[in-house]
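Below is one structure; the comments refer to it alone.
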Amino acid sequence: VASFLRERSQLGEMEAIVAVCAEHHKGSALFLGNSMPVRDADSFYFPQEDVGPIFANRGLSGIDGNVATCFGIAQTRPVIAVMGDQTLLHDLNSLALLKKSRYPIHLVVINNGGGGIFSFIDIAEKKELLDPFFANAHGWNFEAAARLFDLPYVRAEDFDALKVQGKSCLVEFVCNRRENLVRHRALQEAIECLLSSSMVS
Ligand SMILES: Cc1ncc(C[n+]2csc(CCOP(=O)(O)OP(=O)(O)O)c2C)c(N)n1
């Protein structure tokens, strides 16, 4: 998995999630938003050293209140958080808390223009249903939201831009949820090939 994610220098959704997780160290907490971030981290993030606690929210249904949860955690230690655009939209007004936080919150939003997880289920074949009723597709970005709440904002184009800055900020990584599906399938195939060849030998 690690070599698959490293094999191209171009940053994609999985690579971005793993890169944000890799910023996590002993003195910080990692918060994983629901939907793909928590799933990708579970599948592809293998900390090589002792790290601080890792949090995720069950919430009412999962994507609610994630930013407010980060604020709660950040009263005891710095927080590195990664979540999807729908998750951030669901709790956008909690961005007002970031500046008041005792410890910094490095909040990375993976903006794939809607709920990317729904591309993985059968309904994705029906595009006329997927985009309006499941993915809730949109073309927004979060720069103006960061400005509204007086937060430093970074539009991440490379790995360096995802790095922790030591102050609360909003980092946005814009990507494509259809490309992510293709990448996931390619990784799954590579793993299946590897497993079947190791079973033969
Ligand atoms: C409060 C609430 N409403 C709806 C859902 C159903 N739901 C699960 S995942 C998801 C989409 C999340 O999209 P995003 O945060 O952009 O993450 P991505 O799927 O792109 O990783 C939705 C709407 C939920 N889990 N919780």
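Identifiers for the structure tokens are assigned positionally: chains receive A, B, ... in sequence, residues are indexed from 1 per chain, and ligands are indexed from 1 in the order shown.
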Fill in: All residues having an atom within 10 Å of ligand 1 (only C-alpha atoms and all ligand atoms) as a VMD selection string
chain A and resid 13 33 to 40 58 to 66 82 to 91 109 to 120 133 to 137 175 to 177 180
Contacts of range 83-145 of chain A with range 22-32 of chain A up to 10 Å, shortest pair per row, only C-alpha atoms, as CSV:
```
residue,atom,partner,partner_atom,distance
A:Met83,CA,A:Leu32,CA,6.3
A:Gly84,CA,A:Leu32,CA,9.6
A:Tyr103,CA,A:Ser28,CA,9.6
A:Pro104,CA,A:Ser28,CA,9.7
A:Ile105,CA,A:Ala29,CA,9.6
A:His106,CA,A:Leu30,CA,9.7
A:Leu107,CA,A:Phe31,CA,9.1
```
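Contact shell of Ala41 in chain A at 9 Å (only C-alpha atoms; same-chain neighbours under 6 positions omitted): Met14, Ile17, Val18, Cys21 and Leu32 of chain A.
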Residues from the last selection, all heavy atoms, saved as a PDB file, in the first residue's frame:
```
ATOM      1  N   MET A  14      -6.470   9.816  -1.617  1.00  0.00           N
ATOM      2  CA  MET A  14      -5.910   8.873  -0.639  1.00  0.00           C
ATOM      3  C   MET A  14      -4.565   9.364  -0.121  1.00  0.00           C
ATOM      4  O   MET A  14      -4.276   9.282   1.073  1.00  0.00           O
ATOM      5  CB  MET A  14      -5.686   7.500  -1.300  1.00  0.00           C
ATOM      6  CG  MET A  14      -6.922   6.689  -1.496  1.00  0.00           C
ATOM      7  SD  MET A  14      -6.488   5.023  -2.032  1.00  0.00           S
ATOM      8  CE  MET A  14      -6.177   5.241  -3.760  1.00  0.00           C
ATOM      9  N   ILE A  17      -5.006  12.186   2.390  1.00  0.00           N
ATOM     10  CA  ILE A  17      -5.476  11.740   3.708  1.00  0.00           C
ATOM     11  C   ILE A  17      -4.321  11.100   4.487  1.00  0.00           C
ATOM     12  O   ILE A  17      -4.089  11.409   5.661  1.00  0.00           O
ATOM     13  CB  ILE A  17      -6.681  10.783   3.550  1.00  0.00           C
ATOM     14  CG1 ILE A  17      -7.895  11.570   3.049  1.00  0.00           C
ATOM     15  CG2 ILE A  17      -7.000  10.068   4.868  1.00  0.00           C
ATOM     16  CD1 ILE A  17      -9.083  10.746   2.608  1.00  0.00           C
ATOM     17  N   VAL A  18      -3.560  10.245   3.809  1.00  0.00           N
ATOM     18  CA  VAL A  18      -2.428   9.590   4.486  1.00  0.00           C
ATOM     19  C   VAL A  18      -1.362  10.622   4.872  1.00  0.00           C
ATOM     20  O   VAL A  18      -0.785  10.557   5.975  1.00  0.00           O
ATOM     21  CB  VAL A  18      -1.842   8.465   3.598  1.00  0.00           C
ATOM     22  CG1 VAL A  18      -0.566   7.891   4.210  1.00  0.00           C
ATOM     23  CG2 VAL A  18      -2.870   7.353   3.405  1.00  0.00           C
ATOM     24  N   CYS A  21      -2.469  12.383   7.975  1.00  0.00           N
ATOM     25  CA  CYS A  21      -2.297  11.474   9.125  1.00  0.00           C
ATOM     26  C   CYS A  21      -0.829  11.428   9.549  1.00  0.00           C
ATOM     27  O   CYS A  21      -0.519  11.357  10.749  1.00  0.00           O
ATOM     28  CB  CYS A  21      -2.762  10.060   8.763  1.00  0.00           C
ATOM     29  SG  CYS A  21      -4.531   9.911   8.548  1.00  0.00           S
ATOM     30  N   LEU A  32     -10.349  12.071  12.609  1.00  0.00           N
ATOM     31  CA  LEU A  32     -10.703  11.573  11.280  1.00  0.00           C
ATOM     32  C   LEU A  32     -12.194  11.769  11.043  1.00  0.00           C
ATOM     33  O   LEU A  32     -13.032  11.203  11.775  1.00  0.00           O
ATOM     34  CB  LEU A  32     -10.355  10.082  11.179  1.00  0.00           C
ATOM     35  CG  LEU A  32      -8.877   9.765  11.391  1.00  0.00           C
ATOM     36  CD1 LEU A  32      -8.673   8.269  11.610  1.00  0.00           C
ATOM     37  CD2 LEU A  32      -8.059  10.262  10.206  1.00  0.00           C
TER      38      LEU A  32
END
```
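The residues of chain A that DSSP assigns to strand (DSSP E) on this backbone come out as Ala29, Leu30, Phe31, Leu32, Ile54, Phe55, Ala56, Val79, Ile80, Ala81, Val82, Met83, Gly84, Ile105, His106, Leu107, Val108, Val109, Ile110, Asn111, Tyr153, Val154, Arg155, Cys169, Leu170, Val171, Glu172, Phe173 and Val174 of chain A.
Nearest residue to Ala68 in chain A, choosing from A:Leu97, A:Val51, A:Leu129, A:Ala190 and counting only C-alpha atoms: A:Leu97.
Inside range 32-137 of chain A, the residues DSSP reads as alpha helix (DSSP H) when given the backbone are A:Met36, A:Pro37, A:Val38, A:Arg39, A:Asp40, A:Ala41, A:Asp42, A:Ser43, A:Phe44, A:Asn66, A:Val67, A:Ala68, A:Thr69, A:Cys70, A:Phe71, A:Gly72, A:Ile73, A:Asp85, A:Gln86, A:Thr87, A:Leu88, A:Leu89, A:His90, A:Lys127, A:Glu128, A:Leu129.
Proximity to Lys100 in chain A was assessed for A:Ala74, A:Val174, A:Leu195, A:Val1 counting only C-alpha atoms; the smallest distance is recorded for A:Ala74.
Rounded to one decimal, CA of Arg6 in chain A and CA of Met199 in chain A lie 25.0 Å from each other.
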Using only C-alpha atoms, which residues of range 15-77 of chain A come within 8 Å of range 143-167 of chain A, and what is the closest atom pair for each, with the distance in Å to one decimal? Give it as a Markdown table, sorted by chain and residue number.
```
| residue | atom | partner | partner_atom | distance |
| --- | --- | --- | --- | --- |
| A:Ala16 | CA | A:Phe159 | CA | 7.3 |
| A:Ala19 | CA | A:Phe159 | CA | 7.0 |
| A:Val20 | CA | A:Leu162 | CA | 6.3 |
| A:Glu23 | CA | A:Lys163 | CA | 6.6 |
```
Written file, previous selection with C-alpha atoms, as a compact mmCIF listing (two decimals), in the first residue's frame:
```txt
# COMPACT_ATOMS: atom_id res chain seq x y z
CA ALA A 16 -3.64 13.56 0.90
CA ALA A 19 -0.12 12.64 4.30
CA VAL A 20 -2.28 14.52 6.82
CA GLU A 23 1.65 14.83 10.44
```
Worksheet entry | Atom-to-atom span, CA of Val67 in chain A and CA of Ser168 in chain A, Å | 12.2 Å
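Across the structure, CA of Leu98 in chain A and CA of Thr69 in chain A are spaced 11.1 Å apart.
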